[in-house]
Amino acid sequence: TGIVSVPTRTGAKGLQMQGLDASYTAILLDGCPMVGRSFGALDLNRISLTDIEKIEIIRGASSSLYGSNALGGVINLISKDKVKDGENMEFGMKYGTNNSFNTNVLYLYKKGRVQLSNSLDYYKTDGYDLIDSDLLNTINPFSNYSFRSKIKYDLTNKIILKANTRYFSQEQENSAEQGNNLLEGKSNINEWNAGASLNYLMFNDFSSEAEIYTTNYKTDEFLENLNGSLFDENYFDHTLLQSEIRNNFNFKEVNGIIGFGMTKEKLDRKDFSSIAHQDLKFIYGQLDCLAFGVVDIIAGSRYDNYSNYATEISNKLALGFPISKQLKINGSVGTGFKIPDFRQRYFDFTNSTIGYTVLGREVAFNRLTTMQNDGMLQSVFIPFSEINSPLKSESSLNINIGFKFNPNKELSFDVNVFKNEVVNLIEAQLVATKSNSLPVFSYFNLNQIETKGIEFNIGFRPNNKLEIKGGYQLLYANDIDVKNRFANEAVYANDLQTLESFKLGVNDYFGLFNRSRHMGNVKFFYQINDKITLNNIITYRSKYALNDSNGNNILDNYDEFIEGYTLCDIGITHHTTSLQSIQLGVKNIFNFTNPEYISNISGRLYYINLNITINN
């Protein structure tokens, strides 16, 4: 509840949490960060779930442990481990609409001191087209595969060695429309991760772990004219190297962790004049204790020292205490931050088909000065002196207060009230127009935003065969500067039919773009008999808008909205044996589509899924 999948401008799929943008969520694989955010959000379609056992979700600012990009929350995907001696093999095969085919295999092994995990996943699809009137597909055909291997070896009873590697590769058709001509090409993604750690149990209550991890994300794409000549090409090559030492201890009901490390990061991109670098040294600590035998306290802090950016200190405090056996109250307050990404600092991009220009803050002054001296600018709207200083980091304050109530074994409730305040929000703003009247943009710390609301979840399980869960979120997401404008001055909008302007009232401000006021879900699980189970999930998202349509750069009640919609998925699984199953299902059973604004919902999808497990 409160987590929604949203498409980005590049067709990637990100996650919005508590009304905060997908770029503010840190994505981790077994605690290690993923890179490759070409336009802020990290595409979740790159991650195979073949060997994933569970997913941890931390809502709200979590920079006290995870640093930058954890301003809105953290999603950590944790892989499977073999617990008992022996070996397992799991096979899966899935076929569905759009000629989509997915097959995977997972091998788990454990004997004595050695544990091994290998997984391979392959996926292909013909894509789909929701708009017949243009030359383009909504999603072009693509195929990808990923391989992941993990080994754990107990050198002694006190020393454990771990190593892992992952490789992902994808090829997709690339196309664009210029006038009445279709430009075609290819887009390739290659990504790899590798890491190793050594854990030393020095005493029963103290252990130390040293870890080194590196990852690289690389894309290459091109477009060609009808005659085969090159029209455009792009590349993106992002590398991160991280080393870290973590010390865990336990002393008289106090659990703690102290860690420190460093990262080296670089990005080579077509629209950068040089390779961008960023070094970081960090130290953090967290304590978890039980005070007075009833109050659970978690307190943490982190210090981040960047080589060429301002230092950051992040803190978090969480409390939980029971009122009774059935009722527990929780609360937390934390700070988060996100330093300006490489794109916002070093971008030097001119669109090849339209012609507009976007300049990163640290190259904008010199580029605009040169353009002005060469007579390439028609108008200047912001003095160049205002862009001759670095951007500030975006920072947030997050508050959560809630309770969990379990009146009996069959029924459970939890309610959470939250508030996020983000300051120094970075956005692109018009700086000048070129002599051909096309705009030039750069990045500025402009706005302060606020998201607040309430999340409610209920679970009902009257017996072992039936389980029903439901959730609802009420969200208010506002730009504080816009709210102040409504309070202190007259704000107008243009009528979409007559184009005449009219005055707006205070209550006409709707909030931030791409945020729904209401979201809900219902999950239904029923075991028909010993071999057949039924799963159903219904999700609802109320109306929202992606851009302003009446000329005031504000989302108000008179703008054009994307109407609210409901998605319903249903699947029925037949366990032919305890180790084999076949599943038939339908996603988006109501066949909802919105071709103009929602590219990642393709309509009704049918699928069949086979799974086989072999144990030795």
# chains A, B, ... in the order shown; residues from 1 in each chain; ligands from 1
$ select_by_dssp --residues "segment 276-476 of chain A" --states "strand (DSSP E or B)" --output "ChimeraX atom specification"
/A:276-291,295-306,312-322,327-338,348-350,357-359,377-380,394-405,411-434,439-460,466-476
$ write_last_selection --atoms "C-alpha atoms" --output "compact mmCIF listing (two decimals), in the first residue's frame"
# COMPACT_ATOMS: atom_id res chain seq x y z
CA ALA A 276 32.56 12.52 -14.40
CA HIS A 277 34.06 11.29 -11.11
CA GLN A 278 32.78 11.20 -7.54
CA ASP A 279 34.61 9.85 -4.45
CA LEU A 280 33.01 9.29 -1.07
CA LYS A 281 34.16 8.31 2.43
CA PHE A 282 31.47 7.42 4.98
CA ILE A 283 30.97 6.21 8.53
CA TYR A 284 27.73 5.18 10.22
CA GLY A 285 26.41 3.57 13.38
CA GLN A 286 23.11 2.23 14.67
CA LEU A 287 21.92 0.93 18.05
CA ASP A 288 18.90 -1.29 18.67
CA CYS A 289 17.92 -1.88 22.28
CA LEU A 290 15.00 -2.75 24.56
CA ALA A 291 14.56 -0.10 27.23
CA VAL A 295 10.30 -0.01 24.60
CA ASP A 296 12.19 -0.91 21.42
CA ILE A 297 14.57 1.89 20.43
CA ILE A 298 16.54 2.23 17.20
CA ALA A 299 18.91 5.17 16.78
CA GLY A 300 21.30 5.71 13.91
CA SER A 301 23.52 8.32 12.30
CA ARG A 302 25.76 8.53 9.21
CA TYR A 303 28.43 10.95 7.99
CA ASP A 304 29.15 11.22 4.23
CA ASN A 305 32.24 13.10 3.07
CA TYR A 306 32.29 13.72 -0.71
CA GLU A 312 26.11 15.33 4.78
CA ILE A 313 24.98 14.08 8.22
CA SER A 314 21.85 11.92 8.42
CA ASN A 315 20.02 10.76 11.55
CA LYS A 316 17.13 8.48 12.45
CA LEU A 317 15.26 7.57 15.64
CA ALA A 318 12.51 4.95 15.90
CA LEU A 319 10.47 3.82 18.90
CA GLY A 320 8.07 0.94 19.39
CA PHE A 321 6.25 -0.08 22.53
CA PRO A 322 3.27 -2.33 23.33
CA LEU A 327 -1.77 -3.33 20.41
CA LYS A 328 1.66 -1.85 19.61
CA ILE A 329 2.53 1.75 18.76
CA ASN A 330 5.43 2.69 16.47
CA GLY A 331 7.01 5.97 15.51
CA SER A 332 10.08 7.21 13.65
CA VAL A 333 11.73 10.41 12.54
CA GLY A 334 14.62 10.54 10.10
CA THR A 335 16.50 12.72 7.65
CA GLY A 336 17.57 11.89 4.12
CA PHE A 337 19.47 13.45 1.26
CA LYS A 338 20.28 13.04 -2.40
CA ASP A 348 25.43 19.00 -22.25
CA PHE A 349 22.55 17.75 -24.37
CA THR A 350 20.83 19.04 -27.49
CA THR A 357 19.24 22.16 -25.10
CA VAL A 358 19.69 21.01 -21.48
CA LEU A 359 22.85 22.02 -19.58
CA LEU A 377 21.23 33.49 -27.92
CA GLN A 378 18.07 35.45 -28.61
CA SER A 379 16.87 36.08 -25.04
CA VAL A 380 18.23 35.53 -21.53
CA GLU A 394 18.11 17.70 -1.89
CA SER A 395 17.26 16.86 1.72
CA SER A 396 14.23 15.53 3.54
CA LEU A 397 12.63 15.09 6.94
CA ASN A 398 10.41 12.04 7.37
CA ILE A 399 7.97 11.31 10.22
CA ASN A 400 5.93 8.12 10.67
CA ILE A 401 3.50 7.37 13.51
CA GLY A 402 1.37 4.24 13.55
CA PHE A 403 -0.01 1.29 15.41
CA LYS A 404 -0.56 -2.42 14.89
CA PHE A 405 -3.62 -4.09 16.34
CA LEU A 411 -7.76 -10.39 12.22
CA SER A 412 -5.00 -7.78 12.01
CA PHE A 413 -4.88 -4.01 11.45
CA ASP A 414 -2.09 -1.51 10.99
CA VAL A 415 -2.32 2.23 10.45
CA ASN A 416 0.53 4.63 9.64
CA VAL A 417 0.41 8.42 9.40
CA PHE A 418 3.36 9.88 7.50
CA LYS A 419 4.85 13.20 6.46
CA ASN A 420 7.81 13.96 4.18
CA GLU A 421 9.30 17.41 3.69
CA VAL A 422 11.83 17.79 0.87
CA VAL A 423 13.80 21.02 0.44
CA ASN A 424 16.11 22.22 -2.34
CA LEU A 425 14.26 20.12 -4.90
CA ILE A 426 16.20 20.12 -8.17
CA GLU A 427 14.27 20.89 -11.35
CA ALA A 428 15.05 22.09 -14.85
CA GLN A 429 14.17 25.73 -15.60
CA LEU A 430 14.22 27.85 -18.75
CA VAL A 431 17.37 30.00 -18.83
CA ALA A 432 17.47 31.37 -22.37
CA THR A 433 16.30 30.93 -25.95
CA LYS A 434 18.60 30.38 -28.88
CA PRO A 439 14.81 26.87 -25.37
CA VAL A 440 17.90 26.29 -23.22
CA PHE A 441 17.33 24.72 -19.80
CA SER A 442 19.51 24.22 -16.75
CA TYR A 443 18.99 22.84 -13.23
CA PHE A 444 18.10 24.83 -10.11
CA ASN A 445 17.22 24.27 -6.45
CA LEU A 446 13.69 25.57 -6.82
CA ASN A 447 10.98 24.08 -4.71
CA GLN A 448 10.06 22.70 -1.34
CA ILE A 449 7.56 19.86 -1.45
CA GLU A 450 5.51 18.08 1.17
CA THR A 451 3.84 14.69 1.04
CA LYS A 452 1.62 13.54 3.87
CA GLY A 453 -1.16 11.07 4.39
CA ILE A 454 -2.31 7.89 6.01
CA GLU A 455 -1.86 4.21 5.12
CA PHE A 456 -4.26 1.55 6.37
CA ASN A 457 -3.96 -2.23 6.06
CA ILE A 458 -6.22 -5.04 7.20
CA GLY A 459 -5.75 -8.80 7.12
CA PHE A 460 -8.37 -11.50 7.68
CA LEU A 466 -8.84 -18.41 3.01
CA GLU A 467 -6.88 -15.18 3.41
CA ILE A 468 -8.00 -11.66 2.49
CA LYS A 469 -5.84 -8.52 2.72
CA GLY A 470 -6.72 -4.94 1.92
CA GLY A 471 -4.90 -1.61 1.92
CA TYR A 472 -5.67 2.07 1.33
CA GLN A 473 -3.57 5.23 1.12
CA LEU A 474 -4.76 8.83 1.31
CA LEU A 475 -2.04 11.14 -0.04
CA TYR A 476 -1.63 14.91 -0.15
$ select_by_dssp --residues "segment 45-146 of chain A" --states "helix (DSSP H, G or I)" --output "short mmCIF file (atom, residue, chain, number, x, y, z; two decimals) with N, CA, C and O atoms, in the first residue's frame"
data_model
loop_
_atom_site.label_atom_id
_atom_site.label_comp_id
_atom_site.auth_asym_id
_atom_site.auth_seq_id
_atom_site.Cartn_x
_atom_site.Cartn_y
_atom_site.Cartn_z
N ASN A 45 12.82 -3.55 -14.43
CA ASN A 45 12.75 -4.67 -15.37
C ASN A 45 14.09 -5.37 -15.56
O ASN A 45 14.15 -6.46 -16.12
N ARG A 46 15.17 -4.74 -15.10
CA ARG A 46 16.50 -5.36 -15.21
C ARG A 46 16.71 -6.47 -14.18
O ARG A 46 17.67 -7.23 -14.29
N SER A 63 18.71 7.53 4.91
CA SER A 63 20.10 7.88 4.63
C SER A 63 21.01 7.63 5.81
O SER A 63 22.23 7.60 5.66
N SER A 64 20.47 7.47 7.03
CA SER A 64 21.29 7.22 8.21
C SER A 64 22.04 5.90 8.09
O SER A 64 23.06 5.70 8.76
N LEU A 65 21.56 4.97 7.26
CA LEU A 65 22.27 3.73 6.99
C LEU A 65 22.77 3.64 5.56
O LEU A 65 23.85 3.11 5.30
N TYR A 66 22.00 4.16 4.60
CA TYR A 66 22.26 3.90 3.19
C TYR A 66 22.73 5.10 2.39
O TYR A 66 23.00 4.97 1.19
#
$ residues_around --residues "Ile75 of chain A" --least-positions-apart "2" --cutoff "8 Å" --atoms "only C-alpha atoms" --output "JSON, numbers by chain"
{"A": [25, 26, 27, 28, 55, 56, 57, 58, 73, 77]}
$ closest_residue --among "A:Tyr356, A:Phe590, A:Tyr526, A:Tyr492" --to "Thr539 of chain A" --atoms "only C-alpha atoms"
A:Phe590
$ residues_around --residues "Ser133 of chain A" --least-positions-apart "3" --cutoff "12 Å" --atoms "only C-alpha atoms" --output "list in words"
Asp129, Leu130, Leu136, Asn137, Thr138, Asn180, Pro595 and Glu596 of chain A
$ closest_residue --among "A:Asp220, A:Asp205, A:Asp154, A:Glu233" --to "Leu183 of chain A" --atoms "only C-alpha atoms"
A:Glu233
$ decode --residues "segment 231-274 of chain A" --atoms "N, CA and C atoms" --output "mmCIF file, in the first residue's frame"
data_model
loop_
_atom_site.group_PDB
_atom_site.id
_atom_site.type_symbol
_atom_site.label_atom_id
_atom_site.label_comp_id
_atom_site.auth_asym_id
_atom_site.auth_seq_id
_atom_site.Cartn_x
_atom_site.Cartn_y
_atom_site.Cartn_z
ATOM 1 N N PHE A 231 21.921 8.381 -37.975
ATOM 2 C CA PHE A 231 21.196 9.585 -37.577
ATOM 3 C C PHE A 231 21.606 10.041 -36.182
ATOM 4 N N ASP A 232 21.696 9.109 -35.237
ATOM 5 C CA ASP A 232 22.029 9.477 -33.862
ATOM 6 C C ASP A 232 22.571 8.247 -33.143
ATOM 7 N N GLU A 233 23.442 8.480 -32.174
ATOM 8 C CA GLU A 233 23.929 7.392 -31.333
ATOM 9 C C GLU A 233 24.170 7.921 -29.928
ATOM 10 N N ASN A 234 24.049 7.021 -28.936
ATOM 11 C CA ASN A 234 24.238 7.389 -27.540
ATOM 12 C C ASN A 234 24.949 6.258 -26.813
ATOM 13 N N TYR A 235 25.671 6.623 -25.773
ATOM 14 C CA TYR A 235 26.269 5.612 -24.902
ATOM 15 C C TYR A 235 26.250 6.131 -23.470
ATOM 16 N N PHE A 236 26.264 5.188 -22.540
ATOM 17 C CA PHE A 236 26.173 5.491 -21.107
ATOM 18 C C PHE A 236 26.956 4.407 -20.389
ATOM 19 N N ASP A 237 27.988 4.776 -19.627
ATOM 20 C CA ASP A 237 28.884 3.805 -18.999
ATOM 21 C C ASP A 237 29.143 4.249 -17.560
ATOM 22 N N HIS A 238 28.485 3.556 -16.603
ATOM 23 C CA HIS A 238 28.507 3.970 -15.206
ATOM 24 C C HIS A 238 29.152 2.862 -14.365
ATOM 25 N N THR A 239 30.163 3.202 -13.574
ATOM 26 C CA THR A 239 30.889 2.237 -12.751
ATOM 27 C C THR A 239 30.956 2.720 -11.312
ATOM 28 N N LEU A 240 30.772 1.785 -10.384
ATOM 29 C CA LEU A 240 30.884 2.083 -8.957
ATOM 30 C C LEU A 240 31.739 1.018 -8.290
ATOM 31 N N LEU A 241 32.667 1.440 -7.454
ATOM 32 C CA LEU A 241 33.497 0.542 -6.639
ATOM 33 C C LEU A 241 33.311 0.936 -5.181
ATOM 34 N N GLN A 242 32.930 -0.030 -4.340
ATOM 35 C CA GLN A 242 32.662 0.259 -2.933
ATOM 36 C C GLN A 242 33.361 -0.757 -2.044
ATOM 37 N N SER A 243 34.031 -0.274 -1.022
ATOM 38 C CA SER A 243 34.626 -1.135 0.002
ATOM 39 C C SER A 243 34.096 -0.692 1.359
ATOM 40 N N GLU A 244 33.855 -1.652 2.237
ATOM 41 C CA GLU A 244 33.188 -1.331 3.490
ATOM 42 C C GLU A 244 33.573 -2.351 4.560
ATOM 43 N N ILE A 245 33.681 -1.876 5.788
ATOM 44 C CA ILE A 245 33.885 -2.746 6.951
ATOM 45 C C ILE A 245 32.744 -2.500 7.933
ATOM 46 N N ARG A 246 32.073 -3.590 8.337
ATOM 47 C CA ARG A 246 30.952 -3.513 9.270
ATOM 48 C C ARG A 246 31.286 -4.310 10.528
ATOM 49 N N ASN A 247 31.038 -3.721 11.675
ATOM 50 C CA ASN A 247 31.257 -4.386 12.957
ATOM 51 C C ASN A 247 29.932 -4.497 13.699
ATOM 52 N N ASN A 248 29.540 -5.718 14.035
ATOM 53 C CA ASN A 248 28.297 -5.970 14.752
ATOM 54 C C ASN A 248 28.606 -6.438 16.171
ATOM 55 N N PHE A 249 27.864 -5.912 17.136
ATOM 56 C CA PHE A 249 28.105 -6.309 18.518
ATOM 57 C C PHE A 249 26.795 -6.393 19.295
ATOM 58 N N ASN A 250 26.849 -7.142 20.379
ATOM 59 C CA ASN A 250 25.710 -7.296 21.276
ATOM 60 C C ASN A 250 26.207 -7.175 22.705
ATOM 61 N N PHE A 251 25.571 -6.295 23.485
ATOM 62 C CA PHE A 251 25.990 -6.085 24.867
ATOM 63 C C PHE A 251 24.766 -5.766 25.720
ATOM 64 N N LYS A 252 24.412 -6.712 26.581
ATOM 65 C CA LYS A 252 23.308 -6.511 27.530
ATOM 66 C C LYS A 252 22.052 -5.978 26.834
ATOM 67 N N GLU A 253 21.522 -6.739 25.898
ATOM 68 C CA GLU A 253 20.288 -6.412 25.168
ATOM 69 C C GLU A 253 20.425 -5.194 24.255
ATOM 70 N N VAL A 254 21.655 -4.795 23.978
ATOM 71 C CA VAL A 254 21.892 -3.716 23.017
ATOM 72 C C VAL A 254 22.604 -4.305 21.808
ATOM 73 N N ASN A 255 21.947 -4.250 20.654
ATOM 74 C CA ASN A 255 22.568 -4.665 19.400
ATOM 75 C C ASN A 255 23.036 -3.420 18.660
ATOM 76 N N GLY A 256 24.216 -3.509 18.093
ATOM 77 C CA GLY A 256 24.745 -2.337 17.412
ATOM 78 C C GLY A 256 25.539 -2.702 16.167
ATOM 79 N N ILE A 257 25.681 -1.713 15.307
ATOM 80 C CA ILE A 257 26.507 -1.853 14.112
ATOM 81 C C ILE A 257 27.268 -0.553 13.892
ATOM 82 N N ILE A 258 28.545 -0.678 13.605
ATOM 83 C CA ILE A 258 29.379 0.464 13.239
ATOM 84 C C ILE A 258 30.071 0.102 11.930
ATOM 85 N N GLY A 259 29.937 0.963 10.948
ATOM 86 C CA GLY A 259 30.529 0.675 9.650
ATOM 87 C C GLY A 259 31.204 1.891 9.053
ATOM 88 N N PHE A 260 32.165 1.651 8.202
ATOM 89 C CA PHE A 260 32.818 2.734 7.477
ATOM 90 C C PHE A 260 33.333 2.183 6.156
ATOM 91 N N GLY A 261 33.505 3.073 5.198
ATOM 92 C CA GLY A 261 33.959 2.621 3.891
ATOM 93 C C GLY A 261 34.153 3.767 2.934
ATOM 94 N N MET A 262 34.314 3.425 1.674
ATOM 95 C CA MET A 262 34.521 4.427 0.643
ATOM 96 C C MET A 262 33.984 3.921 -0.687
ATOM 97 N N THR A 263 33.592 4.828 -1.544
ATOM 98 C CA THR A 263 33.149 4.490 -2.897
ATOM 99 C C THR A 263 33.860 5.380 -3.896
ATOM 100 N N LYS A 264 34.076 4.807 -5.059
ATOM 101 C CA LYS A 264 34.591 5.554 -6.201
ATOM 102 C C LYS A 264 33.610 5.339 -7.346
ATOM 103 N N GLU A 265 33.198 6.422 -7.955
ATOM 104 C CA GLU A 265 32.144 6.362 -8.967
ATOM 105 C C GLU A 265 32.555 7.190 -10.171
ATOM 106 N N LYS A 266 32.256 6.671 -11.369
ATOM 107 C CA LYS A 266 32.534 7.459 -12.572
ATOM 108 C C LYS A 266 31.471 7.169 -13.624
ATOM 109 N N LEU A 267 31.245 8.149 -14.474
ATOM 110 C CA LEU A 267 30.255 8.027 -15.540
ATOM 111 C C LEU A 267 30.797 8.649 -16.817
ATOM 112 N N ASP A 268 30.812 7.841 -17.860
ATOM 113 C CA ASP A 268 31.174 8.309 -19.194
ATOM 114 C C ASP A 268 29.909 8.286 -20.036
ATOM 115 N N ARG A 269 29.551 9.420 -20.599
ATOM 116 C CA ARG A 269 28.271 9.549 -21.313
ATOM 117 C C ARG A 269 28.461 10.445 -22.523
ATOM 118 N N LYS A 270 27.717 10.167 -23.578
ATOM 119 C CA LYS A 270 27.886 10.934 -24.818
ATOM 120 C C LYS A 270 27.720 12.428 -24.578
ATOM 121 N N ASP A 271 26.762 12.806 -23.781
ATOM 122 C CA ASP A 271 26.437 14.214 -23.603
ATOM 123 C C ASP A 271 27.218 14.861 -22.471
ATOM 124 N N PHE A 272 28.366 14.263 -22.090
ATOM 125 C CA PHE A 272 29.292 14.866 -21.150
ATOM 126 C C PHE A 272 30.571 15.246 -21.905
ATOM 127 N N SER A 273 31.147 16.383 -21.570
ATOM 128 C CA SER A 273 32.376 16.800 -22.236
ATOM 129 C C SER A 273 33.584 16.019 -21.733
ATOM 130 N N SER A 274 33.471 15.421 -20.523
ATOM 131 C CA SER A 274 34.549 14.605 -19.963
ATOM 132 C C SER A 274 33.940 13.576 -19.025
#
